[in-house]
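Structure file target-v5.csv with CSV, C-alpha atoms:
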```
chain,number,residue,atom,x,y,z
A,1,MET,CA,-28.4,-57.2,29.8
A,2,SER,CA,-29.2,-57.8,33.5
A,3,THR,CA,-29.0,-54.0,34.2
A,4,LEU,CA,-31.9,-53.5,31.8
A,5,ALA,CA,-34.2,-56.1,33.2
A,6,ALA,CA,-37.4,-54.7,34.7
A,7,PRO,CA,-38.3,-55.5,38.3
A,8,ARG,CA,-40.3,-58.7,38.8
A,9,TRP,CA,-43.6,-57.1,39.9
A,10,THR,CA,-43.9,-55.3,36.5
A,11,LEU,CA,-44.8,-58.8,35.1
A,12,TRP,CA,-48.3,-58.2,36.7
A,13,LEU,CA,-48.8,-54.8,35.2
A,14,PRO,CA,-50.6,-55.8,32.0
A,15,LEU,CA,-53.0,-58.0,33.9
A,16,ALA,CA,-53.6,-55.3,36.5
A,17,LEU,CA,-54.3,-52.8,33.7
A,18,PHE,CA,-56.7,-55.2,32.1
A,19,CYS,CA,-58.6,-55.8,35.3
A,20,LEU,CA,-58.9,-52.1,35.8
A,21,PHE,CA,-60.3,-51.7,32.3
A,22,VAL,CA,-62.8,-54.5,32.9
A,23,ALA,CA,-63.9,-52.9,36.2
A,24,LEU,CA,-64.4,-49.6,34.4
A,25,VAL,CA,-66.6,-51.3,31.8
A,26,VAL,CA,-68.6,-53.1,34.4
A,27,LEU,CA,-69.1,-49.9,36.3
A,28,GLY,CA,-70.3,-48.2,33.2
A,29,LEU,CA,-72.7,-51.1,32.5
A,30,ILE,CA,-74.3,-51.3,36.0
A,31,THR,CA,-74.7,-47.5,36.5
A,32,PRO,CA,-78.2,-46.7,35.3
A,33,LYS,CA,-78.3,-44.3,32.4
A,34,ASN,CA,-79.1,-40.7,33.3
A,35,THR,CA,-79.8,-38.3,30.6
A,36,ASP,CA,-81.1,-35.4,32.8
A,37,ILE,CA,-79.2,-32.2,32.4
A,38,ALA,CA,-79.3,-30.2,35.6
A,39,SER,CA,-79.7,-26.5,35.3
A,40,LYS,CA,-76.7,-24.5,36.5
A,41,MET,CA,-79.1,-21.6,37.2
A,42,VAL,CA,-80.2,-23.0,40.6
A,43,GLY,CA,-79.0,-20.5,43.2
A,44,LYS,CA,-79.0,-17.6,40.6
A,45,PRO,CA,-81.7,-15.0,40.1
A,46,MET,CA,-84.3,-15.6,37.4
A,47,PRO,CA,-83.1,-13.9,34.2
A,48,ALA,CA,-85.0,-10.9,32.8
A,49,PHE,CA,-87.9,-11.7,30.5
A,50,ASP,CA,-91.4,-10.6,29.6
A,51,LEU,CA,-93.6,-13.1,27.9
A,52,ARG,CA,-97.0,-12.3,26.3
A,53,PRO,CA,-100.1,-14.1,27.7
A,54,ALA,CA,-100.4,-17.6,26.2
A,55,ALA,CA,-104.1,-18.1,27.1
A,56,ASP,CA,-107.2,-16.0,27.4
A,57,GLY,CA,-108.1,-15.1,31.0
A,58,ARG,CA,-104.5,-15.4,32.3
A,59,PRO,CA,-101.9,-12.6,32.2
A,60,GLY,CA,-98.5,-13.2,30.7
A,61,LEU,CA,-95.4,-13.8,32.7
A,62,ALA,CA,-92.4,-11.5,33.4
A,63,THR,CA,-89.5,-11.6,35.8
A,64,ARG,CA,-91.1,-8.9,38.1
A,65,ASP,CA,-94.1,-11.2,38.6
A,66,LEU,CA,-91.7,-13.7,40.3
A,67,GLN,CA,-90.6,-11.5,43.1
A,68,GLY,CA,-91.9,-10.5,46.5
A,69,GLY,CA,-94.3,-12.1,49.0
A,70,HIS,CA,-93.8,-15.9,49.0
A,71,ALA,CA,-92.0,-18.7,47.2
A,72,ARG,CA,-93.7,-19.9,44.0
A,73,LEU,CA,-93.4,-22.4,41.2
A,74,VAL,CA,-92.7,-21.9,37.5
A,75,ASN,CA,-93.8,-24.8,35.4
A,76,ILE,CA,-92.4,-25.3,31.9
A,77,PHE,CA,-95.1,-27.2,29.9
A,78,ALA,CA,-96.8,-27.5,26.6
A,79,SER,CA,-100.1,-28.8,25.2
A,80,TRP,CA,-98.2,-31.2,23.0
A,81,CYS,CA,-96.4,-32.7,25.9
A,82,LEU,CA,-97.8,-36.1,27.2
A,83,PRO,CA,-96.1,-36.2,30.6
A,84,CYS,CA,-97.6,-32.7,31.2
A,85,ARG,CA,-101.0,-34.3,31.1
A,86,VAL,CA,-100.0,-36.8,33.7
A,87,GLU,CA,-98.7,-34.0,35.8
A,88,ALA,CA,-101.7,-31.7,35.5
A,89,PRO,CA,-103.8,-33.2,38.3
A,90,VAL,CA,-100.8,-33.0,40.6
A,91,LEU,CA,-100.3,-29.3,39.8
A,92,GLY,CA,-104.1,-28.9,40.5
A,93,GLU,CA,-103.6,-30.4,43.9
A,94,LEU,CA,-100.7,-28.1,44.6
A,95,ALA,CA,-102.8,-25.1,43.5
A,96,ARG,CA,-105.6,-26.3,45.9
A,97,GLN,CA,-103.1,-26.3,48.7
A,98,GLY,CA,-102.4,-22.6,48.0
A,99,VAL,CA,-99.2,-22.8,45.9
A,100,GLU,CA,-98.9,-20.1,43.2
A,101,ILE,CA,-98.0,-21.8,40.0
A,102,ASN,CA,-96.9,-19.8,37.0
A,103,GLY,CA,-96.8,-21.5,33.6
A,104,ILE,CA,-94.4,-21.1,30.6
A,105,ALA,CA,-95.9,-22.7,27.5
A,106,ILE,CA,-93.3,-23.8,25.1
A,107,ARG,CA,-93.9,-23.5,21.3
A,108,ASP,CA,-97.7,-23.6,21.8
A,109,ARG,CA,-100.6,-22.3,19.8
A,110,LYS,CA,-103.4,-20.4,21.6
A,111,GLU,CA,-106.1,-22.8,20.4
A,112,ASP,CA,-104.1,-25.9,21.3
A,113,LEU,CA,-103.4,-24.5,24.8
A,114,ALA,CA,-107.0,-23.6,25.3
A,115,GLY,CA,-108.1,-27.1,24.5
A,116,TYR,CA,-105.4,-28.5,26.8
A,117,LEU,CA,-106.4,-26.3,29.7
A,118,ALA,CA,-110.1,-27.1,29.2
A,119,ALA,CA,-109.3,-30.9,29.3
A,120,ASN,CA,-106.7,-31.0,32.0
A,121,GLY,CA,-107.6,-28.1,34.3
A,122,ASN,CA,-105.9,-24.7,34.7
A,123,PRO,CA,-103.8,-24.4,38.0
A,124,TYR,CA,-101.8,-21.5,36.6
A,125,ALA,CA,-101.9,-17.9,38.0
A,126,ARG,CA,-100.1,-16.6,34.9
A,127,ILE,CA,-99.1,-18.3,31.6
A,128,GLY,CA,-96.4,-16.8,29.4
A,129,ALA,CA,-95.9,-17.9,25.8
A,130,ASP,CA,-92.3,-18.9,25.0
A,131,ASP,CA,-92.4,-19.5,21.2
A,132,VAL,CA,-88.7,-19.9,20.6
A,133,SER,CA,-87.6,-21.5,23.9
A,134,ALA,CA,-85.9,-18.2,24.8
A,135,VAL,CA,-86.7,-18.3,28.5
A,136,GLN,CA,-86.3,-22.1,28.6
A,137,LEU,CA,-82.7,-21.7,27.3
A,138,ALA,CA,-82.1,-18.7,29.7
A,139,ILE,CA,-82.9,-20.8,32.8
A,140,GLY,CA,-81.1,-23.9,31.6
A,141,SER,CA,-84.2,-26.1,31.1
A,142,SER,CA,-83.9,-28.7,28.4
A,143,GLY,CA,-87.4,-30.2,28.2
A,144,VAL,CA,-91.0,-30.4,29.3
A,145,PRO,CA,-92.2,-30.7,31.9
A,146,GLU,CA,-89.8,-29.0,34.3
A,147,THR,CA,-90.7,-27.1,37.4
A,148,PHE,CA,-88.6,-24.4,39.2
A,149,VAL,CA,-89.0,-23.2,42.8
A,150,ILE,CA,-88.5,-19.5,42.9
A,151,ASP,CA,-87.9,-17.8,46.3
A,152,PRO,CA,-89.4,-14.4,47.3
A,153,ALA,CA,-86.3,-12.6,46.1
A,154,GLY,CA,-86.7,-14.1,42.6
A,155,VAL,CA,-83.8,-16.5,43.0
A,156,ILE,CA,-84.2,-20.1,41.5
A,157,ARG,CA,-83.9,-22.5,44.4
A,158,TYR,CA,-84.8,-25.9,42.9
A,159,GLN,CA,-85.3,-27.6,39.5
A,160,HIS,CA,-87.5,-30.6,39.1
A,161,ILE,CA,-86.9,-32.5,35.9
A,162,GLY,CA,-89.9,-34.4,34.5
A,163,GLU,CA,-93.4,-34.6,35.9
A,164,ILE,CA,-94.1,-34.1,39.6
A,165,ARG,CA,-95.6,-37.4,40.7
A,166,PRO,CA,-98.3,-37.5,43.4
A,167,GLU,CA,-95.9,-38.9,46.0
A,168,GLN,CA,-93.6,-36.0,45.4
A,169,VAL,CA,-96.1,-33.3,46.5
A,170,PRO,CA,-94.7,-33.2,50.1
A,171,MET,CA,-91.2,-32.8,48.8
A,172,ILE,CA,-92.2,-29.9,46.5
A,173,LEU,CA,-94.0,-28.3,49.5
A,174,ASP,CA,-90.8,-28.7,51.5
A,175,LYS,CA,-88.8,-27.0,48.8
A,176,LEU,CA,-91.2,-24.1,48.7
A,177,ARG,CA,-91.0,-23.7,52.5
A,178,GLU,CA,-87.2,-23.8,52.3
A,179,ALA,CA,-87.2,-21.2,49.6
A,180,ASP,CA,-89.5,-19.0,51.7
A,181,ARG,CA,-87.0,-19.1,54.5
A,182,SER,CA,-83.9,-18.5,52.3
A,183,GLY,CA,-85.6,-15.6,50.4
A,184,ALA,CA,-87.1,-13.9,53.4
A,185,GLY,CA,-83.8,-12.6,54.7
A,186,ARG,CA,-83.2,-10.4,51.7
B,1,MET,CA,-124.1,-44.8,7.7
B,2,ARG,CA,-121.4,-47.3,6.7
B,3,GLY,CA,-119.6,-44.5,4.9
B,4,LEU,CA,-119.7,-42.5,8.0
B,5,ALA,CA,-118.3,-45.4,10.1
B,6,LEU,CA,-115.4,-45.7,7.6
B,7,LEU,CA,-114.7,-42.1,8.0
B,8,ALA,CA,-114.6,-42.3,11.9
B,9,PRO,CA,-110.9,-43.1,12.2
B,10,VAL,CA,-110.0,-40.2,9.8
B,11,ALA,CA,-112.1,-37.9,11.9
B,12,LEU,CA,-110.3,-39.1,15.1
B,13,LEU,CA,-107.0,-38.4,13.6
B,14,ALA,CA,-108.0,-34.9,12.6
B,15,ALA,CA,-109.5,-34.2,16.1
B,16,GLY,CA,-106.6,-35.7,18.1
B,17,PRO,CA,-104.3,-33.4,19.9
B,18,ALA,CA,-101.0,-32.4,18.3
B,19,LEU,CA,-98.5,-34.7,19.9
B,20,ALA,CA,-95.4,-33.6,18.0
B,21,ASP,CA,-93.2,-31.1,19.7
B,22,GLY,CA,-95.7,-28.3,18.9
B,23,ASN,CA,-96.8,-27.1,15.6
B,24,LEU,CA,-95.7,-23.6,15.6
B,25,PRO,CA,-93.5,-22.5,12.7
B,26,PRO,CA,-89.8,-22.9,13.7
B,27,ALA,CA,-87.8,-20.0,15.2
B,28,PRO,CA,-86.8,-17.3,12.7
B,29,PHE,CA,-83.2,-18.4,12.2
B,30,ALA,CA,-83.6,-22.1,12.9
B,31,TYR,CA,-83.4,-23.0,9.2
B,32,ARG,CA,-82.4,-19.7,7.7
B,33,GLN,CA,-78.8,-18.7,7.2
B,34,LEU,CA,-77.5,-15.2,8.1
B,35,ASP,CA,-77.2,-12.9,5.1
B,36,ASP,CA,-73.5,-12.1,5.9
B,37,PRO,CA,-71.5,-15.2,4.9
B,38,ALA,CA,-68.7,-14.4,7.3
B,39,GLN,CA,-71.2,-14.3,10.2
B,40,GLU,CA,-72.9,-17.4,9.0
B,41,ALA,CA,-69.6,-19.3,8.9
B,42,LYS,CA,-68.9,-18.2,12.5
B,43,ALA,CA,-72.4,-19.3,13.6
B,44,LYS,CA,-72.0,-22.6,11.8
B,45,ALA,CA,-68.7,-23.4,13.4
B,46,LEU,CA,-70.1,-22.7,16.8
B,47,MET,CA,-73.3,-24.7,16.2
B,48,GLU,CA,-71.3,-27.7,15.2
B,49,THR,CA,-69.6,-27.8,18.6
B,50,LEU,CA,-72.8,-27.2,20.7
B,51,ARG,CA,-74.5,-30.3,21.9
B,52,CYS,CA,-78.2,-30.9,21.3
B,53,LEU,CA,-80.1,-31.1,24.7
B,54,VAL,CA,-82.6,-33.8,23.8
B,55,CYS,CA,-80.7,-35.8,21.1
B,56,GLN,CA,-77.6,-36.3,23.1
B,57,SER,CA,-75.1,-37.5,20.5
B,58,GLN,CA,-75.8,-34.8,17.9
B,59,SER,CA,-74.7,-31.2,17.6
B,60,ILE,CA,-77.4,-28.6,17.2
B,61,ALA,CA,-76.3,-28.2,13.6
B,62,ASP,CA,-77.2,-31.8,13.0
B,63,SER,CA,-80.4,-32.0,14.8
B,64,ASP,CA,-84.0,-31.5,13.7
B,65,ALA,CA,-85.3,-31.4,17.3
B,66,PRO,CA,-87.3,-28.2,17.8
B,67,ILE,CA,-85.2,-27.1,20.8
B,68,ALA,CA,-82.1,-27.5,18.6
B,69,GLY,CA,-83.7,-25.2,16.1
B,70,ASP,CA,-84.4,-22.7,18.8
B,71,MET,CA,-80.8,-22.9,19.9
B,72,ARG,CA,-79.6,-22.3,16.3
B,73,SER,CA,-81.8,-19.3,16.0
B,74,GLU,CA,-80.5,-18.0,19.3
B,75,VAL,CA,-76.9,-18.5,18.2
B,76,ARG,CA,-77.5,-16.8,14.8
B,77,ILE,CA,-79.3,-13.8,16.3
B,78,ARG,CA,-76.5,-13.3,18.9
B,79,ILE,CA,-73.8,-13.6,16.2
B,80,ALA,CA,-75.7,-11.1,14.0
B,81,ARG,CA,-75.8,-8.8,17.0
B,82,GLY,CA,-72.0,-9.0,17.1
B,83,GLU,CA,-71.5,-11.3,20.0
B,84,GLU,CA,-68.3,-13.5,20.0
B,85,PRO,CA,-68.9,-17.2,19.5
B,86,GLU,CA,-67.0,-18.0,22.7
B,87,ALA,CA,-69.1,-15.6,24.7
B,88,ILE,CA,-72.2,-17.4,23.4
B,89,ARG,CA,-70.6,-20.8,24.4
B,90,SER,CA,-69.9,-19.6,27.9
B,91,TRP,CA,-73.5,-18.2,28.2
B,92,LEU,CA,-74.8,-21.7,27.4
B,93,ILE,CA,-72.2,-23.4,29.7
B,94,GLN,CA,-73.4,-21.1,32.5
B,95,ARG,CA,-76.9,-22.6,32.1
B,96,TYR,CA,-76.3,-26.2,31.1
B,97,GLY,CA,-72.7,-26.9,32.3
B,98,ASP,CA,-70.0,-28.5,30.3
B,99,TYR,CA,-72.6,-30.9,28.9
B,100,VAL,CA,-73.6,-28.5,26.2
B,101,THR,CA,-70.2,-28.1,24.6
B,102,TYR,CA,-68.3,-30.5,22.5
B,103,LYS,CA,-65.1,-28.5,22.8
B,104,PRO,CA,-63.5,-29.5,26.1
B,105,ARG,CA,-62.4,-26.7,28.4
B,106,LEU,CA,-59.2,-26.6,30.4
B,107,ASP,CA,-60.2,-26.5,34.1
B,108,ARG,CA,-59.5,-28.1,37.5
B,109,LEU,CA,-61.2,-31.3,36.4
B,110,THR,CA,-59.9,-31.7,32.8
B,111,TRP,CA,-56.2,-30.5,33.1
B,112,PRO,CA,-54.8,-34.1,33.4
B,113,LEU,CA,-56.3,-34.9,30.0
B,114,PHE,CA,-54.2,-32.2,28.5
B,115,ALA,CA,-51.1,-32.6,30.7
B,116,LEU,CA,-50.8,-36.4,30.4
B,117,PRO,CA,-49.6,-36.7,26.8
B,118,GLY,CA,-46.9,-34.2,27.5
B,119,LEU,CA,-45.8,-36.1,30.7
B,120,VAL,CA,-45.8,-39.4,28.8
B,121,LEU,CA,-43.7,-37.9,26.1
B,122,VAL,CA,-41.2,-36.5,28.6
B,123,ALA,CA,-41.0,-39.9,30.4
B,124,ALA,CA,-40.5,-41.8,27.2
B,125,LEU,CA,-37.7,-39.4,26.0
B,126,ALA,CA,-36.0,-39.7,29.4
B,127,GLY,CA,-36.1,-43.5,29.3
B,128,PHE,CA,-34.9,-43.5,25.7
B,129,ALA,CA,-32.0,-41.1,26.6
B,130,ARG,CA,-31.0,-43.4,29.5
B,131,ARG,CA,-30.9,-46.4,27.3
B,132,ILE,CA,-28.8,-44.7,24.6
B,133,ARG,CA,-26.3,-43.5,27.2
B,134,ARG,CA,-26.0,-47.0,28.7
B,135,LYS,CA,-25.3,-48.5,25.3
B,136,ASP,CA,-22.6,-45.9,24.7
B,137,THR,CA,-20.8,-46.7,28.0
B,138,ALA,CA,-21.2,-50.5,27.5
```
Kindly return the structure encoded in the file as structure tokens.
Amino acid sequence: MSTLAAPRWTLWLPLALFCLFVALVVLGLITPKNTDIASKMVGKPMPAFDLRPAADGRPGLATRDLQGGHARLVNIFASWCLPCRVEAPVLGELARQGVEINGIAIRDRKEDLAGYLAANGNPYARIGADDVSAVQLAIGSSGVPETFVIDPAGVIRYQHIGEIRPEQVPMILDKLREADRSGAGR
Amino acid sequence: MRGLALLAPVALLAAGPALADGNLPPAPFAYRQLDDPAQEAKAKALMETLRCLVCQSQSIADSDAPIAGDMRSEVRIRIARGEEPEAIRSWLIQRYGDYVTYKPRLDRLTWPLFALPGLVLVAALAGFARRIRRKDTA
């Protein structure tokens, strides 16, 4: 019988396992919930697409529009999206500072979008209409608003999930400068 | 005048912006099955193992969120074009990461999950064999 007896320290094993389990649960409880899904397309070239114009007075948006010159923003938005309204003045400020902002309007009707742009301002150089989220899926975006920094070579350099808040303007400008540097060498 | 005042809230409702997720009709194959039952079965099986991006505990087959509808349409169109379900899954994983699939992949991070049951079984069998042998010699 004595040959089968377990070593003494194994007596503590169940308690140790239980403590480990409790630690795991506590860790899960105190870690704030994060439901953001980061795009895996950062660092990859913008996929090929060609969207029809979503609003009068602004051309549509195609991949070739996102290449050459300088870094630019692509803003995924919609007239039915409330946080987009909050973000609109911040985009206006970025446009005033000379940033090129291209819009992709998700599942939007022309008249709804016209009303939205009239009420919230139009900082967009181009606005493409993405009626079935095709481009949104292709760039790994999962909601509105999201903003992508595209370098001069047409490579996605940064994804901002949610609205850009006023205090984040310098950070976005930094990301644009960084993208300008990384895309210039190509 | 009073009649007009009563109507005011109704007018406000009608004039208010659309705050649902857009009011475009859904994508062509969001709620329409493919004509070929074999292709539809393939698409259905895949959709049940793809995770909705905004309703995070549902599959896109379960969800009525517009983006889930757009994903179903995308899946059905690609299946109809002759793409393999697993190729569509990898296309989505390339964009959204492992998050988007309910079917776990075997990779550098997940292999212990698959290996552990086998290791435990081997250890248990070894322990069992030792015990039996000891009993025999006793």
### Nearby residues (only C-alpha atoms) at most 12 Å from Ala45 (chain B), same-chain spacing under 2 positions excluded, as a PyMOL selection string
chain B and resi 38-43+47-50+59-62+72+75-76+79+84-86+89+102-103
List every residue of chain B that has an atom at most 9 Å from any atom of chain A, and for each one report the closest atom pair and its distance in Å to one decimal, counting only C-alpha atoms, with rows sorted by chain and then by increasing residue number, as a Markdown table.
```
| residue | atom | partner | partner_atom | distance |
| --- | --- | --- | --- | --- |
| B:Pro17 | CA | A:Trp80 | CA | 7.2 |
| B:Ala18 | CA | A:Trp80 | CA | 5.6 |
| B:Leu19 | CA | A:Trp80 | CA | 4.7 |
| B:Ala20 | CA | A:Trp80 | CA | 6.2 |
| B:Asp21 | CA | A:Trp80 | CA | 6.0 |
| B:Gly22 | CA | A:Trp80 | CA | 5.6 |
| B:Asn23 | CA | A:Asp108 | CA | 7.2 |
| B:Leu24 | CA | A:Arg107 | CA | 6.0 |
| B:Pro25 | CA | A:Arg107 | CA | 8.7 |
| B:Pro26 | CA | A:Val132 | CA | 7.6 |
| B:Ala27 | CA | A:Val132 | CA | 5.5 |
| B:Pro28 | CA | A:Val132 | CA | 8.5 |
| B:Leu53 | CA | A:Ser142 | CA | 5.8 |
| B:Val54 | CA | A:Ser142 | CA | 7.0 |
| B:Gln56 | CA | A:Thr35 | CA | 8.1 |
| B:Pro66 | CA | A:Arg107 | CA | 8.8 |
| B:Ile67 | CA | A:Ser133 | CA | 6.8 |
| B:Gly69 | CA | A:Val132 | CA | 8.6 |
| B:Asp70 | CA | A:Val132 | CA | 5.4 |
| B:Met71 | CA | A:Leu137 | CA | 7.7 |
| B:Ser73 | CA | A:Val132 | CA | 8.3 |
| B:Glu74 | CA | A:Ala134 | CA | 7.7 |
| B:Trp91 | CA | A:Ala138 | CA | 8.7 |
| B:Leu92 | CA | A:Gly140 | CA | 7.9 |
| B:Ile93 | CA | A:Lys40 | CA | 8.2 |
| B:Gln94 | CA | A:Lys40 | CA | 6.2 |
| B:Arg95 | CA | A:Gly140 | CA | 4.4 |
| B:Tyr96 | CA | A:Gly140 | CA | 5.3 |
| B:Gly97 | CA | A:Lys40 | CA | 6.3 |
| B:Tyr99 | CA | A:Ile37 | CA | 7.6 |
| B:Arg131 | CA | A:Leu4 | CA | 8.5 |
```
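When CA of Leu66 (chain A) is paired with CA of Ala125 (chain A), their separation reads 11.3 Å.
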### Query
Please, what distance in Å, to one decimal, runs between CA of Asp136 (chain B) and CA of Ala124 (chain B)?
18.5 Å
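CA of Ala65 (chain B) to CA of Phe29 (chain B) spans 14.1 Å [interatomic distance, one decimal].
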### Message
Using all atoms listed in the file, which protein or nucleic acid residues come within 10 Å of region 50-63 of chain A? Drop anything in the same chain fewer than 2 positions from it, and give the result as a ChimeraX atom specification.
### Response
/A:45-48,65-67,74,102-106,108-114,117,122,124-131,134-135,154
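When only C-alpha atoms are used to measure the gap to Pro152 (chain A), the shortest distance among A:Glu93, A:Glu167, A:Asp174, A:Asp180 belongs to A:Asp180.
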### Query
So which one's closest to Ala119 (chain A), A:Arg165, A:His160, A:Arg96, A:Arg85? Using only C-alpha atoms, please.
A:Arg85
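Nearest residue to Gln97 (chain A), choosing from A:Leu173, A:Asp151, A:Cys84, A:Leu24 and counting all atoms listed in the file: A:Leu173.
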Rebuild region 50-73 of chain A to N, CA and C atoms - output it as a tab-separated table (two decimals), in the coordinates of the input, please.
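What follows is the written file part_20.tsv:
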```tsv
chain	number	residue	atom	x	y	z
A	50	ASP	N	-89.98	-11.10	29.59
A	50	ASP	CA	-91.40	-10.60	29.60
A	50	ASP	C	-92.12	-11.31	28.51
A	51	LEU	N	-92.94	-12.29	28.90
A	51	LEU	CA	-93.60	-13.10	27.90
A	51	LEU	C	-95.09	-12.67	27.77
A	52	ARG	N	-95.58	-12.68	26.53
A	52	ARG	CA	-97.00	-12.30	26.30
A	52	ARG	C	-97.89	-13.40	26.86
A	53	PRO	N	-99.16	-13.05	27.16
A	53	PRO	CA	-100.10	-14.10	27.70
A	53	PRO	C	-100.26	-15.18	26.64
A	54	ALA	N	-100.26	-16.43	27.13
A	54	ALA	CA	-100.40	-17.60	26.20
A	54	ALA	C	-101.84	-18.01	26.11
A	55	ALA	N	-102.68	-17.63	27.07
A	55	ALA	CA	-104.10	-18.10	27.10
A	55	ALA	C	-104.99	-16.95	27.48
A	56	ASP	N	-106.21	-16.99	26.98
A	56	ASP	CA	-107.20	-16.00	27.40
A	56	ASP	C	-107.50	-16.17	28.87
A	57	GLY	N	-107.69	-15.05	29.56
A	57	GLY	CA	-108.10	-15.10	31.00
A	57	GLY	C	-106.94	-15.25	31.93
A	58	ARG	N	-105.71	-15.35	31.41
A	58	ARG	CA	-104.50	-15.40	32.30
A	58	ARG	C	-103.52	-14.39	31.78
A	59	PRO	N	-102.93	-13.58	32.68
A	59	PRO	CA	-101.90	-12.60	32.20
A	59	PRO	C	-100.63	-13.37	31.76
A	60	GLY	N	-99.78	-12.65	31.04
A	60	GLY	CA	-98.50	-13.20	30.70
A	60	GLY	C	-97.56	-13.27	31.86
A	61	LEU	N	-96.29	-13.60	31.62
A	61	LEU	CA	-95.40	-13.80	32.70
A	61	LEU	C	-94.09	-13.00	32.50
A	62	ALA	N	-93.70	-12.21	33.51
A	62	ALA	CA	-92.40	-11.50	33.40
A	62	ALA	C	-91.65	-11.68	34.70
A	63	THR	N	-90.37	-11.37	34.67
A	63	THR	CA	-89.50	-11.60	35.80
A	63	THR	C	-90.05	-10.90	37.08
A	64	ARG	N	-90.60	-9.67	36.89
A	64	ARG	CA	-91.10	-8.90	38.10
A	64	ARG	C	-92.24	-9.62	38.77
A	65	ASP	N	-92.95	-10.50	38.02
A	65	ASP	CA	-94.10	-11.20	38.60
A	65	ASP	C	-93.56	-12.31	39.60
A	66	LEU	N	-92.25	-12.60	39.53
A	66	LEU	CA	-91.70	-13.70	40.30
A	66	LEU	C	-90.94	-13.21	41.53
A	67	GLN	N	-91.28	-12.03	41.99
A	67	GLN	CA	-90.60	-11.50	43.10
A	67	GLN	C	-91.58	-11.01	44.20
A	68	GLY	N	-91.14	-11.06	45.45
A	68	GLY	CA	-91.90	-10.50	46.50
A	68	GLY	C	-92.92	-11.56	47.11
A	69	GLY	N	-93.31	-11.33	48.35
A	69	GLY	CA	-94.30	-12.10	49.00
A	69	GLY	C	-93.83	-13.50	49.43
A	70	HIS	N	-94.05	-14.51	48.61
A	70	HIS	CA	-93.80	-15.90	49.00
A	70	HIS	C	-93.12	-16.65	47.89
A	71	ALA	N	-92.64	-17.86	48.19
A	71	ALA	CA	-92.00	-18.70	47.20
A	71	ALA	C	-93.12	-19.20	46.21
A	72	ARG	N	-92.76	-19.44	44.96
A	72	ARG	CA	-93.70	-19.90	44.00
A	72	ARG	C	-93.10	-20.85	42.98
A	73	LEU	N	-93.94	-21.48	42.16
A	73	LEU	CA	-93.40	-22.40	41.20
A	73	LEU	C	-93.52	-21.82	39.77
```
